[in-house]
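> Following this message is one structure expressed as structure tokens.
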Amino acid sequence: MNTTNYKKLFDHAADALGHLQLFDALEVMEQAAHDLKQSDLISEEESIRNDYERMLLFLAQGGKDPQKESMHQAFLLRACNLLYRIHHQYLHLYGSNHIGEIMRTDKSLSSDNPNDYIQEVLKLTALLEDYTHEQNSNSESIEALYQDLYRELNKCFNYLLTADLFHEEKKQAVIAGLSRMPESYTCLLLSAVYLNCMEAADLNKIKILFHFIRNSSNRIRIHALTAFLIVYTQHCNLIELDQVFHHEILMLKEEENIEEEITAIQKQLFLSKETEKASQILNKDILPNMMRSGLGNLNQMDMNMSLDSLLQGNLGSSLENNMEHLTQMTRTGYDINYNLFSSMCRNIFFSKFTNWFCNFDLYHPDLTDLRKNEQGKKMLETLGKSKRLCELDKYAMGYILNHMPENMRGAMLDGGIQAELEDQNIPVPSKERQEIIRSHIQDLYRFYTKSLQKKNLKDPFSPVPFFGKNKAIMQIIDEGHFLEKMAQFFMDTELYQEAQNALLALLEIRSANAWILHALAITYQKQDALPRALQYEQQAELLDPDNMDILMSIQQLCLLLDKHNMRVNYLKRIEEKQKLDLILELGMIYSQMESKQYDEALQRCHKLKYLKIEDSFANRSIAWCSLMTQKPDAALKYYKLLLKGKDIIWGDYLNIGNTAWINGNIMDSVSYYKTFVYEFNKSEDAKLGSWIDAFEESEEILENYGIDHRDICLIKEIIKAKTNQ
């Protein structure tokens, strides 16, 4: 079967069902079933069609069916289930992703009964529990038990990854079995259900994920909720056909902390997508600073030196600040270890599909070599306690440390233990949930971007789903509160397009306030939509006229839009509330000159001159304002002062030439003009036009002082002759 044609058929059928167009959906499914050559699917499609036609005929003849709505719903669900079965069969026969290949090639999956796989896992977990109680955990037998356990977990994982699970009894068996397993194994197997749902969703599989959202374990709950939210945004049209299930979803609003968790998951999905930004900060700022601080010479240091000793030495506050920056980025949720993981994920551990979804387990069979001595065990225990690393980082770091020289490993181990002990504060439930969310979603992002086994699996990060677009999820939590939190988050992380979308959605359900309008203005400014940005800032100003952030933003927009008269007015309002800093003071003078408020600009320039601040700027500005206010003698004096300094530009020679001519010093003016032409031709501006263009822009000043236009033409001829000599 042609994959592209099949995908179009599937999408068409799903869309038709989502819009309650059953005949359109059945027509597409009939074609797909015949293409797959599956008689049971063909028969089921015919059965649904015939039953549906009979119901419609009854209604067309005037029949009254008080349950027609529920009947119609039942037909939609039957058709939906058929679509799932068609898709599952397609994956089995033709699927080009990893799940499809496992369905065709994994010969260990000899049964279609989930209990067969679950019971084997439960037997082994019970045996391990007995070993633990009997304190035989150091015996050689336990290593063999863990080998057996992970072999059975792998079978169970592959079964849940590929099973149809269409029948209610299968769903209940999976829920019952996973509920009896230790937390880490439940999370592993829920990941298989999640991937199955992403590729071939059906309501029973989704209901398995949904069931574990109410689990007492924070880790299981977060894994299930994250998976459910991602799957729901992918398949919401089909899921919502089941109105009973839809009602159950809405009941999640009664769950404690649900809004906090959904918001945190949403933020982390976007943060993980921003790993490139974190990498740039690390590579361009933090790491170079750390190298300059002395970390680049670690190979010359005593490897038994602790991190505290390092910080107490000459490396001092600079290194400490960088460490704090790294810690803050970690707490925010940025994936600061992603680049390092990219170079570590090539080891054999990550060649196994299941290992990408394992919570860190001290007794994972692939870590056997690391457990052979006390130092290795201690190292694994330290990694297991880490709150800074996601689960995949812990495995990757274990392999790196295992291949280090013992003295280096010891130093890293000591530093790691100390860092982890600093984090061993009294547990805060909200912080614990946040750490689980960060770790889990960073693991997911690593799988979808770095795993060689992901093949063509649907990537939830491309693009990142935005829950605010899904009305059902927004009915679970306070939509306005969610959009506001996300808008603040997007602004803080410089995701301005996403911030704009969230803010505009917020305005549809909530009255505008100054913060919303100010934030919107910033997003439009980042898109260079400056007039729109100014419009929103002025609306924000009406609601909060004394807000300094808003006033500062407006004056900046006025500068960018060449609205200098307006800018002066806003700078004066700012000045009433606080003293202008030097940059704003210079900006005030510039805008006053651009808006021809020369007398006020002159007063400010003399103040700068008196304070001996920005001397060249003050001389240039005083000279120009004097020239424009009919004080040519003063202008000439300050232009001469300017030329004694260092910060001279070609325009200074043009202006002093004009000023000298206005004062009657024609020979001096020609000399200045000659230098002006020389300096102009050396500058980058010469690529955009000639010196004559620049000269002609200043002719109006000369004419305002009564110099005849013919004389101006003659002086240009003189300048040409002088510069050609």
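Just remember, in the structure tokens the first chain shown is A, the second B, etc., residues are 1-based per chain, and ligands are 1-based in the order shown.
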Please return as an MDAnalysis selection string: the residues of segment 441-684 of chain A that backbone DSSP assigns to helix (DSSP H, G or I).

chainID A and resid 441:450 467:469 471:476 479:492 496:509 514:526 530:543 548:560 564:577 582:594 598:610 615:628 632:643 650:662 666:682 684

> May I have the residues within 12 Å of segment 582-585 of chain A as a PyMOL selection string, using only C-alpha atoms and disregarding those fewer than 2 positions away in the same chain?

chain A and resi 552+555-556+559+567-568+570-572+574-575+578-580+587-592+601+603-605+607-608+611+613-614+617-618

> Can you list, as an MDAnalysis selection string, every protein, DNA or RNA residue that comes within 10 Å of Ser272 of chain A when you count only C-alpha atoms, leaving out same-chain residues fewer than 2 positions away?

chainID A and resid 267:270 274:278 333:336 338 438 441:446 461 464

> How about saving the chosen residues, N, CA and C atoms kept, as an mmCIF file, in the first residue's frame?


```
data_model
loop_
_atom_site.group_PDB
_atom_site.id
_atom_site.type_symbol
_atom_site.label_atom_id
_atom_site.label_comp_id
_atom_site.auth_asym_id
_atom_site.auth_seq_id
_atom_site.Cartn_x
_atom_site.Cartn_y
_atom_site.Cartn_z
ATOM 1 N N LYS A 267 4.821 24.439 30.092
ATOM 2 C CA LYS A 267 6.051 25.243 30.085
ATOM 3 C C LYS A 267 7.261 24.390 29.726
ATOM 4 N N GLN A 268 7.347 23.193 30.315
ATOM 5 C CA GLN A 268 8.520 22.358 30.091
ATOM 6 C C GLN A 268 8.587 21.852 28.654
ATOM 7 N N LEU A 269 7.452 21.609 28.033
ATOM 8 C CA LEU A 269 7.453 21.210 26.624
ATOM 9 C C LEU A 269 8.116 22.284 25.768
ATOM 10 N N PHE A 270 7.794 23.545 26.047
ATOM 11 C CA PHE A 270 8.413 24.637 25.291
ATOM 12 C C PHE A 270 9.874 24.828 25.684
ATOM 13 N N GLU A 274 13.600 24.613 23.540
ATOM 14 C CA GLU A 274 14.539 25.732 23.501
ATOM 15 C C GLU A 274 15.954 25.329 23.912
ATOM 16 N N THR A 275 16.289 24.050 23.744
ATOM 17 C CA THR A 275 17.622 23.604 24.163
ATOM 18 C C THR A 275 18.731 24.333 23.406
ATOM 19 N N GLU A 276 18.464 24.723 22.172
ATOM 20 C CA GLU A 276 19.482 25.423 21.385
ATOM 21 C C GLU A 276 19.832 26.756 22.031
ATOM 22 N N LYS A 277 18.802 27.423 22.578
ATOM 23 C CA LYS A 277 19.041 28.698 23.256
ATOM 24 C C LYS A 277 19.925 28.492 24.482
ATOM 25 N N ALA A 278 19.639 27.446 25.240
ATOM 26 C CA ALA A 278 20.452 27.140 26.421
ATOM 27 C C ALA A 278 21.887 26.816 26.002
ATOM 28 N N GLY A 333 14.357 25.126 34.089
ATOM 29 C CA GLY A 333 13.919 24.019 33.248
ATOM 30 C C GLY A 333 14.696 23.881 31.960
ATOM 31 N N TYR A 334 15.667 24.776 31.726
ATOM 32 C CA TYR A 334 16.497 24.658 30.529
ATOM 33 C C TYR A 334 17.329 23.378 30.605
ATOM 34 N N ASP A 335 17.510 22.764 29.466
ATOM 35 C CA ASP A 335 18.216 21.483 29.398
ATOM 36 C C ASP A 335 19.705 21.754 29.172
ATOM 37 N N ILE A 336 20.418 22.073 30.242
ATOM 38 C CA ILE A 336 21.814 22.498 30.089
ATOM 39 C C ILE A 336 22.748 21.334 29.783
ATOM 40 N N TYR A 338 22.059 18.913 27.528
ATOM 41 C CA TYR A 338 21.661 18.285 26.266
ATOM 42 C C TYR A 338 22.851 18.055 25.335
ATOM 43 N N ARG A 438 10.230 18.184 34.769
ATOM 44 C CA ARG A 438 11.426 18.595 34.017
ATOM 45 C C ARG A 438 12.187 17.375 33.511
ATOM 46 N N ILE A 441 10.158 15.213 30.715
ATOM 47 C CA ILE A 441 10.019 15.830 29.387
ATOM 48 C C ILE A 441 11.382 16.019 28.730
ATOM 49 N N GLN A 442 12.417 16.261 29.513
ATOM 50 C CA GLN A 442 13.762 16.293 28.927
ATOM 51 C C GLN A 442 14.137 14.926 28.371
ATOM 52 N N ASP A 443 13.752 13.865 29.075
ATOM 53 C CA ASP A 443 13.984 12.512 28.553
ATOM 54 C C ASP A 443 13.243 12.303 27.235
ATOM 55 N N LEU A 444 11.989 12.731 27.194
ATOM 56 C CA LEU A 444 11.196 12.595 25.964
ATOM 57 C C LEU A 444 11.863 13.336 24.810
ATOM 58 N N TYR A 445 12.323 14.563 25.090
ATOM 59 C CA TYR A 445 12.940 15.358 24.033
ATOM 60 C C TYR A 445 14.213 14.691 23.516
ATOM 61 N N ARG A 446 14.985 14.122 24.415
ATOM 62 C CA ARG A 446 16.188 13.406 23.996
ATOM 63 C C ARG A 446 15.826 12.230 23.099
ATOM 64 N N PHE A 461 7.084 17.425 19.779
ATOM 65 C CA PHE A 461 7.767 18.714 19.883
ATOM 66 C C PHE A 461 7.791 19.451 18.543
ATOM 67 N N VAL A 464 5.351 22.079 19.187
ATOM 68 C CA VAL A 464 4.912 21.826 20.558
ATOM 69 C C VAL A 464 3.418 22.133 20.649
#
```

> Excluding same-chain residues fewer than 3 positions from Lys720 of chain A, what lies within 10 Å of it counting only C-alpha atoms, as a compact mmCIF listing (two decimals) with all heavy atoms, in the first residue's frame?


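Wrote out.txt, looks like this:
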```
# COMPACT_ATOMS: atom_id res chain seq x y z
N TYR A 673 36.08 72.54 3.67
CA TYR A 673 35.32 71.75 2.69
C TYR A 673 36.23 70.70 2.03
O TYR A 673 35.80 69.56 1.76
CB TYR A 673 34.73 72.65 1.60
CG TYR A 673 33.54 73.47 2.04
CD1 TYR A 673 33.36 74.77 1.54
CD2 TYR A 673 32.59 72.95 2.91
CE1 TYR A 673 32.26 75.53 1.92
CE2 TYR A 673 31.50 73.71 3.30
CZ TYR A 673 31.33 75.00 2.81
OH TYR A 673 30.24 75.74 3.18
N LYS A 674 37.47 71.08 1.74
CA LYS A 674 38.40 70.15 1.12
C LYS A 674 38.62 68.93 2.04
O LYS A 674 38.62 67.77 1.59
CB LYS A 674 39.72 70.86 0.84
CG LYS A 674 40.77 69.97 0.17
CD LYS A 674 42.06 70.76 -0.08
CE LYS A 674 43.13 69.85 -0.68
NZ LYS A 674 44.41 70.58 -0.91
N VAL A 677 35.54 66.67 2.01
CA VAL A 677 35.47 65.77 0.86
C VAL A 677 36.40 64.57 1.05
O VAL A 677 36.03 63.42 0.79
CB VAL A 677 35.81 66.52 -0.44
CG1 VAL A 677 35.90 65.54 -1.62
CG2 VAL A 677 34.79 67.60 -0.72
N ILE A 692 28.82 65.50 -2.94
CA ILE A 692 27.95 66.59 -3.42
C ILE A 692 26.54 66.43 -2.85
O ILE A 692 25.90 67.42 -2.46
CB ILE A 692 27.91 66.60 -4.96
CG1 ILE A 692 29.31 66.96 -5.51
CG2 ILE A 692 26.87 67.59 -5.47
CD1 ILE A 692 29.41 66.92 -7.02
N LEU A 714 28.99 78.13 -7.17
CA LEU A 714 30.39 78.42 -7.47
C LEU A 714 31.32 77.77 -6.45
O LEU A 714 32.40 77.28 -6.81
CB LEU A 714 30.61 79.94 -7.49
CG LEU A 714 29.97 80.68 -8.68
CD1 LEU A 714 30.08 82.19 -8.51
CD2 LEU A 714 30.64 80.25 -9.99
N ILE A 715 30.89 77.77 -5.17
CA ILE A 715 31.77 77.17 -4.15
C ILE A 715 31.94 75.68 -4.39
O ILE A 715 33.01 75.11 -4.14
CB ILE A 715 31.25 77.46 -2.72
CG1 ILE A 715 32.40 77.37 -1.69
CG2 ILE A 715 30.19 76.46 -2.30
CD1 ILE A 715 33.31 78.54 -1.71
N LYS A 716 30.90 75.02 -4.91
CA LYS A 716 31.02 73.59 -5.24
C LYS A 716 32.03 73.38 -6.35
O LYS A 716 32.80 72.40 -6.34
CB LYS A 716 29.65 73.02 -5.62
CG LYS A 716 28.74 72.80 -4.43
CD LYS A 716 27.50 72.01 -4.77
CE LYS A 716 26.48 72.87 -5.52
NZ LYS A 716 25.20 72.17 -5.71
N GLU A 717 32.04 74.33 -7.30
CA GLU A 717 33.03 74.22 -8.38
C GLU A 717 34.45 74.39 -7.84
O GLU A 717 35.39 73.70 -8.24
CB GLU A 717 32.74 75.29 -9.44
CG GLU A 717 31.43 75.10 -10.19
CD GLU A 717 31.43 73.83 -10.99
OE1 GLU A 717 32.40 73.58 -11.74
OE2 GLU A 717 30.47 73.05 -10.86
N THR A 723 39.91 69.66 -4.86
CA THR A 723 40.08 68.24 -4.55
C THR A 723 40.67 67.46 -5.71
O THR A 723 41.19 66.36 -5.53
CB THR A 723 38.73 67.61 -4.17
OG1 THR A 723 37.77 67.88 -5.21
CG2 THR A 723 38.23 68.17 -2.86
N ASN A 724 40.60 68.01 -6.93
CA ASN A 724 41.18 67.32 -8.10
C ASN A 724 42.65 67.66 -8.30
O ASN A 724 43.30 67.11 -9.19
CB ASN A 724 40.39 67.67 -9.36
CG ASN A 724 39.01 67.03 -9.36
OD1 ASN A 724 38.81 65.99 -8.74
ND2 ASN A 724 38.05 67.67 -10.03
N GLN A 725 43.17 68.65 -7.55
CA GLN A 725 44.58 69.04 -7.71
C GLN A 725 45.52 67.97 -7.17
O GLN A 725 45.24 67.33 -6.18
CB GLN A 725 44.84 70.36 -6.97
CG GLN A 725 44.19 71.56 -7.67
CD GLN A 725 44.40 72.86 -6.89
OE1 GLN A 725 45.00 72.86 -5.81
NE2 GLN A 725 43.95 73.98 -7.46
```

> Between atom CA of Leu271 of chain A and atom CA of Ala519 of chain A, what is the spacing in Å?

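Separation between atom CA of Ala519 of chain A and atom CA of Leu271 of chain A: 19.8 Å.
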
> As JSON, numbers by chain, please: the residues near Glu699 of chain A (cut-off 12 Å, only C-alpha atoms, same-chain neighbours under 4 positions excluded).

{"A": [654, 655, 657, 658, 659, 661, 662, 692, 693, 694, 695, 703, 704, 705, 706, 707, 708, 709, 710, 711, 712, 713, 715, 716]}

> Here is a test: counting only C-alpha atoms, which residue of A:Ala176, A:Leu91, A:Leu229, A:Ile476 is nearest to Asn115 of chain A?

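Closest residue, counting only C-alpha atoms: A:Ala176.
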
> So which residues touch Leu41 of chain A within 9 Å, counting only C-alpha atoms, skipping near sequence neighbours fewer than 3 positions away, as a ChimeraX atom specification?

/A:29-30,33-34,36-38,44-46,82,85-86

> Which distance in Å separates atom CA of Gly18 of chain A and atom CA of Leu238 of chain A, to one decimal?

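These two atoms are separated by 5.8 Å.
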